[in-house]
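Enquirer: The structure that follows is given in the form of C-alpha cells.
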Amino acid sequence: MIKTVSIILILFFIISFFFSSQITYSYPLTQTQRSNSYYPSYLLLSNWKNLDIWIVTGIPIPDALLNGFPNYSTSIRNIYYQGYLLNSSILFNFNTTASFLTLNNSVLLSNNQGKIRILTPEYQNYILITSFSSVALKITLQQNNISEINNTYFYFKEPFGKVYVLTNFTTLLQNNSLQLIGKGYRFIEISFITSVTNSISSIIQNSSLTVKQWLNKSKFPKNLPSNLIKEYDLSLLVLKDDQNPWTGEFVASPSPIYLYNWMRDSSFAAIALQDAGHYNSALKYWLWMASAQRLKPGVWYTRYNFYTGTPDKSFGIDELDSLGIFEVGIYNYFQLTHNYSFLREILPSLNQTVNYQINSIKNSTFHLLPEDLSVWEDREAYHFWTEAFNDLGLKDVAIIYSKLNLSNMSILNAQKMLNQSIMKNFVYDSYFASTLETTVEFTSNGSKTILVPYSPFIDSAVILPIDFGLIPLNSNISQSTMGKIQHTLTINGGLARFLGDTYHYDNTLYDSSEPNPPWIITTLFEALYYAKTNNYTEAVNLLTWAYNHSQNGLLPEAVDPKYGNPLPTTSPLTWSSAMFVIVSLNLHNVTHLHTTTSTSTIAKPNGYLDTVIVVVIVIIIILLVIIIKKK
C-alpha cells in the first residue's frame, strides 16, 4: 500500500510540474475587476453635426498607470465643437458602479444613490445633463474666464463666442470653476447658441425621436435573429458617435491609447455605415481620407489625430494595407450609390494610390508590395493581409477606371502579377501562410534570395481577404485555410489572432489572465465566412458569442481567454462594431448547413490536447494501481 501511495504521489508531482512549467505570470484581474469590465470606462458621444464629448464614466481600468491610462474620475474631459477642443471640463463627484450607452444615444451612469444621464441632442447645439440623487451631488464646470450674467445664466468665453449654462442646481462661482450642488432631480443645460431653454423634456423627446428615425433609415438585417437586433442598432450608434462630426474620421476606440484615427479601422467603419445605408456618413470619411496628408505620394500614415485630422508623426510608419482597403471601400460605395461625381472628385487621390501600387509591384523582385507592419503592427515582413487587400483593391479600381472611360491596362497587369505572386509564394502546405520573410538559397549555380514562411504561419487575419473574394470561398485552399485556423486558434469559443499573442498579457497592456485572447474582429472574420457560404447557424452562433462577451452591447477588442470577460483597456472598439454590422447584413437565412467545414466539427479549444494528456495519465495511474494491488 505504501508503494502504491508513493507511485501516485510521484506521478502527481510529475503532472503538476508539466502544467506549472507552461504557466506565465501576469496581472490577473480580481472577480470585482472582471465584473467592472462589463461596463465601459470611456465613451464618445456626438450630436452628429458639430459637437463631440469624451466621457470618462468612472468605471476603473485595473492597473491604470501600468496600462498607460490616466486615473480620471467620472468626468467629461474633451469638449469638441466646430473644430475646436474647448479648454473646459466637467467633473462629477459621483462613484459610478455601472455605465451604459442607451438606444436613445445617451450615456447613463448609476450607483446605489442615483443616476446621471448625459446627452448631446442630435443636430442641436446642447450638452444636457440630468440627474437624480438621494444625496447631495456636486458637479464642477472648469473653464478659464467664467462670468456671471445673472442669477441663473453663466457663460464661458471661447474662441467662437459664449457658451451659456442654465441649471436648477445651487451654484457658486469660484475662480475658474462653477460649482453646482443639489440632490433630487437636477439638470444642467450647456448651450452653444445665443440662448438657452428650460424645456428639458422637449429636448430629450426630440433627440430620442431623431435617433429612432436615423436607426429606422438603416438597412434592416432581415435574417438577423430578433435577440441580436438591439446589438446591431447599438453597433451603428457606436460607429456614428465615434466619427468626428466635423471632419469625418473615426476614432479607433474611446480608450485613451486608441484615441486616434487608424486608417484601416476607420475604412471598415465607413464600409459598415454605407452597407447599412448611411451614405453621407461614409462619404464624409472617404473625402477626408482622400485629402489627408500622406507619408509619401500614395501612402498614408498609420494613424491621425482624431480631433485635427493631422498625422501622428510619432507613429510614422507605412500602412500599405490601407491603400487596397481604400480602393475596396470606394468601389463598394459606388456600387451602392452609383455616384459618378464622387468617383471624379476622388480620382486624384486614387491616381496617387494606384501609381504607388503599380510601381512597387513592377519594381519588386517578387512582384509584391514592400514589406510593412501590416494589420497587427508587430513585425515588418511580407504579409498576406497587405498583399491580398492590395490585390482586391487593384481589381476594384480597374473597374472604376473603366466606368470613367480611363485606361486600366497597367492596373490589370499589375494586379495579375501581384495575384500570381500571392498564389505562388503564400500557399504553404495547402493553406495560406500569413507572413513571409526573405532568405538566401545556395545552389550549385550560386545563390538567390527567396521567400519563406515566417512563424507564426497561422493567423486569423488571413480570413478577411478570402471573405472579400480573393479566391472562391468553396475552393480547397479556402476550406483548408479555414480549417487550419479554427483548429489552431479557437480559444474559449472565439478566434485568437495567432499563437503566442501576448498583447494584453505582457506586451504594453496587462488585462488578460493568459496569452492568446480571442478577438472580436477575428471571430467575426470567421462569422463573415460562414455568412457568405450560407452556413447560417455557425454565423449566428459567432455573432451571439460576440454579443455575449460585450460590455452590455459595446463590443471590446478582445476577450479574456480564461474567464471570458471583455478586456477593458481597449473597449469599445470601433472596428468590432463595424464587423458586427457587416456580418449581420450578409446573413442568408437557410435551413440547412452548407458543406463548408463547421466549427462544431473541426474547431477544438486550445486546451483540447492538454485534456487528452490528463485523461491518458489518469488511466495510466489507475492501471498501475490495479497492477500493484494484484502483485
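Order determines the names: the first chain of the C-alpha cells is A, the second B, and so forth; residues in each chain are numbered 1 upward, and ligands are numbered 1 upward as they are shown.
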Can you pull out every residue within 12 Å of A:Leu209, counting only C-alpha atoms, but drop anything in the same chain fewer than 2 positions away, and send it as a ChimeraX atom specification?

Expert: /A:103-105,121-123,202-207,211-216

Enquirer: Excluding same-chain residues fewer than 5 positions from stretch 236-249 of chain A, what lies within 8 Å of it counting only C-alpha atoms, as a ChimeraX atom specification?

Expert: /A:44-52,82-83,103,105,215,254,261,266,269,273,281,284-285,288-289,306-307,309,554,574,577-578,581

Enquirer: Give me a file of those residues, with C-alpha atoms, as an mmCIF file, in the first residue's frame.

Expert:
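Dumped everything to selection14.cif:
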```cif
data_model
loop_
_atom_site.group_PDB
_atom_site.id
_atom_site.type_symbol
_atom_site.label_atom_id
_atom_site.label_comp_id
_atom_site.auth_asym_id
_atom_site.auth_seq_id
_atom_site.Cartn_x
_atom_site.Cartn_y
_atom_site.Cartn_z
ATOM 1 C CA LEU A 44 -17.621 59.270 -27.066
ATOM 2 C CA LEU A 45 -20.944 60.994 -27.596
ATOM 3 C CA SER A 46 -21.753 63.147 -30.625
ATOM 4 C CA ASN A 47 -24.564 65.382 -31.821
ATOM 5 C CA TRP A 48 -23.677 64.084 -35.358
ATOM 6 C CA LYS A 49 -23.203 67.636 -36.604
ATOM 7 C CA ASN A 50 -20.503 69.678 -34.891
ATOM 8 C CA LEU A 51 -20.219 68.611 -31.232
ATOM 9 C CA ASP A 52 -18.427 65.654 -29.640
ATOM 10 C CA GLN A 82 -16.866 73.104 -34.660
ATOM 11 C CA GLY A 83 -13.249 72.013 -34.972
ATOM 12 C CA LEU A 103 -30.512 53.184 -27.658
ATOM 13 C CA ASN A 105 -27.886 57.647 -27.734
ATOM 14 C CA LEU A 215 -31.862 53.902 -36.887
ATOM 15 C CA PRO A 254 -12.615 55.960 -26.884
ATOM 16 C CA ASN A 261 -7.894 57.619 -36.345
ATOM 17 C CA SER A 266 -11.807 53.681 -39.986
ATOM 18 C CA ALA A 269 -16.248 51.646 -40.117
ATOM 19 C CA LEU A 273 -22.085 52.517 -42.420
ATOM 20 C CA SER A 281 -21.556 59.396 -43.011
ATOM 21 C CA LYS A 284 -17.579 62.339 -45.164
ATOM 22 C CA TYR A 285 -14.877 59.828 -44.234
ATOM 23 C CA TRP A 288 -11.423 63.242 -45.565
ATOM 24 C CA MET A 289 -9.167 60.243 -46.290
ATOM 25 C CA PHE A 306 -8.886 62.312 -34.130
ATOM 26 C CA TYR A 307 -9.690 65.985 -33.498
ATOM 27 C CA GLY A 309 -7.017 65.098 -38.738
ATOM 28 C CA LEU A 554 -20.490 47.512 -26.528
ATOM 29 C CA THR A 574 -14.992 50.767 -33.354
ATOM 30 C CA SER A 577 -18.895 47.261 -34.110
ATOM 31 C CA ALA A 578 -18.214 47.645 -37.839
ATOM 32 C CA VAL A 581 -22.826 45.329 -38.791
#
```

Enquirer: Please provide the set of residues having any atom within 8 Å of A:Leu320, restricted to only C-alpha atoms, with same-chain residues fewer than 5 positions apart removed, written as number ranges by chain.

Expert: A: 299-300, 369, 372, 374, 386

Enquirer: Can you spit out the residues from that selection as an mmCIF file, in the first residue's frame, using N, CA, C and O atoms?

Expert:
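Listed below is the output, result_12.cif:
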```
data_model
loop_
_atom_site.group_PDB
_atom_site.id
_atom_site.type_symbol
_atom_site.label_atom_id
_atom_site.label_comp_id
_atom_site.auth_asym_id
_atom_site.auth_seq_id
_atom_site.Cartn_x
_atom_site.Cartn_y
_atom_site.Cartn_z
ATOM 1 N N VAL A 299 0.747 56.995 -50.107
ATOM 2 C CA VAL A 299 0.822 56.182 -48.889
ATOM 3 C C VAL A 299 0.444 57.033 -47.682
ATOM 4 O O VAL A 299 1.012 58.105 -47.461
ATOM 5 N N TRP A 300 -0.517 56.532 -46.887
ATOM 6 C CA TRP A 300 -0.950 57.257 -45.706
ATOM 7 C C TRP A 300 -0.076 56.922 -44.493
ATOM 8 O O TRP A 300 0.568 55.865 -44.436
ATOM 9 N N LEU A 369 3.895 44.201 -52.956
ATOM 10 C CA LEU A 369 4.053 45.478 -52.272
ATOM 11 C C LEU A 369 5.211 45.338 -51.288
ATOM 12 O O LEU A 369 5.505 44.237 -50.807
ATOM 13 N N ASP A 372 5.838 45.614 -44.809
ATOM 14 C CA ASP A 372 5.272 46.592 -43.874
ATOM 15 C C ASP A 372 4.911 45.875 -42.574
ATOM 16 O O ASP A 372 5.142 44.676 -42.427
ATOM 17 N N SER A 374 1.807 45.708 -41.419
ATOM 18 C CA SER A 374 0.503 45.113 -41.674
ATOM 19 C C SER A 374 -0.489 45.301 -40.532
ATOM 20 O O SER A 374 -0.340 46.179 -39.688
ATOM 21 N N THR A 386 -1.766 42.383 -46.245
ATOM 22 C CA THR A 386 -1.441 43.577 -47.040
ATOM 23 C C THR A 386 -1.488 43.277 -48.525
ATOM 24 O O THR A 386 -2.099 44.018 -49.307
#
```

Enquirer: Show which residues sit within 7 Å of stretch 446-461 of chain A, as a PyMOL selection string. Count only C-alpha atoms, and ignore same-chain residues fewer than 2 positions away.

Expert: chain A and resi 385+425+433-444+463-464+485+497-499+522

Enquirer: Of the candidates A:Ile116, A:Leu66, A:Ile317, A:Val165, which shows the shortest atom-to-atom distance to A:Ile193, using only C-alpha atoms?

Expert: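 For A:Ile193, the nearest of the candidates is A:Val165.
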
Enquirer: Between A:Glu327, A:Asp378, A:Glu319, A:Asp265, which has the minimum distance to A:Ile521 (counting only C-alpha atoms)?

Expert: A:Asp265

Enquirer: Can you tell me, as a list in words, what residues are no more than 6 Å from stretch 538-552 of chain A when counting only C-alpha atoms, ignoring any on the same chain fewer than 4 positions away?

Expert: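 Close residues of stretch 538-552 of chain A: Tyr38, Tyr39, Ala527, Tyr530, Ala531 and Pro566 of chain A.
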
Enquirer: A:Asn390, A:Asn95, A:Asn351, A:Ser208: which is nearest A:Ser133, counting only C-alpha atoms?

Expert: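 Nearest candidate to A:Ser133 out of A:Asn390, A:Asn95, A:Asn351, A:Ser208: A:Asn95.
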
Enquirer: Got a sec: who's within 8 Å of stretch 71-74 of chain A, counting only C-alpha atoms, leaving out chain neighbours fewer than 2 positions off, as a JSON list (two decimals) with C-alpha atoms, in the first residue's frame?

Expert:
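Below you can see result-v1.json, which holds the result:
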```
[["chain", "number", "residue", "atom", "x", "y", "z"],
["A", 55, "ILE", "CA", -16.80, 60.83, -21.29],
["A", 56, "VAL", "CA", -14.84, 59.15, -18.52],
["A", 57, "THR", "CA", -17.59, 57.02, -16.98],
["A", 58, "GLY", "CA", -15.80, 56.42, -13.68],
["A", 59, "ILE", "CA", -15.58, 52.63, -14.13],
["A", 64, "ALA", "CA", -4.46, 52.03, -14.90],
["A", 65, "LEU", "CA", -0.97, 53.53, -14.60],
["A", 69, "PHE", "CA", -4.01, 55.27, -18.56],
["A", 76, "ILE", "CA", -16.36, 64.95, -19.34],
["A", 91, "LEU", "CA", -16.21, 66.87, -13.10],
["A", 92, "PHE", "CA", -18.76, 64.72, -11.23],
["A", 93, "ASN", "CA", -18.41, 63.82, -7.57],
["A", 94, "PHE", "CA", -20.10, 60.50, -8.37],
["A", 95, "ASN", "CA", -18.82, 56.98, -7.72],
["A", 96, "THR", "CA", -20.08, 55.14, -10.81]]
```

Enquirer: Mind checking DSSP for stretch 228-369 of chain A and telling me the helix (DSSP H, G or I) residues as a VMD selection string?

Expert: chain A and resid 228 to 241 256 to 258 263 to 275 279 to 291 313 to 315 321 to 337 340 to 363

Enquirer: For atom CA of A:Ala292 and atom CA of A:Ser349, quote the distance in Å rounded to one decimal.

Expert: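 So the two atoms, atom CA of A:Ala292 and atom CA of A:Ser349, lie 9.6 Å apart.
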
Enquirer: Taking the DSSP secondary structure from the backbone, can you list the residues of stretch 109-331 of chain A that are strand (DSSP E or B), as a count of residues only?

Expert: 78

Enquirer: Which one of A:Ser291, A:Thr171, A:Ser35, A:Thr30 sits closest to A:Leu347 if you count only C-alpha atoms?

Expert: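 For A:Leu347, the nearest of the candidates is A:Ser291.
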
Enquirer: Which residue, A:His504, A:Lys222, A:His588, A:Lys562, has the smallest gap to A:Asn67 when you use only C-alpha atoms?

Expert: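 The shortest atom-to-atom distance to A:Asn67 comes from A:His504.
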
Enquirer: Would you mind reading off the distance between atom CA of A:Glu514 and atom CA of A:Ile466, one decimal, in Å?

Expert: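 We find that atom CA of A:Glu514 and atom CA of A:Ile466 lie 29.3 Å from each other.
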
Enquirer: By how many Å are atom CA of A:Ile471 and atom CA of A:Asn405 apart?

Expert: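 Going from atom CA of A:Ile471 over to atom CA of A:Asn405 covers 27.3 Å.
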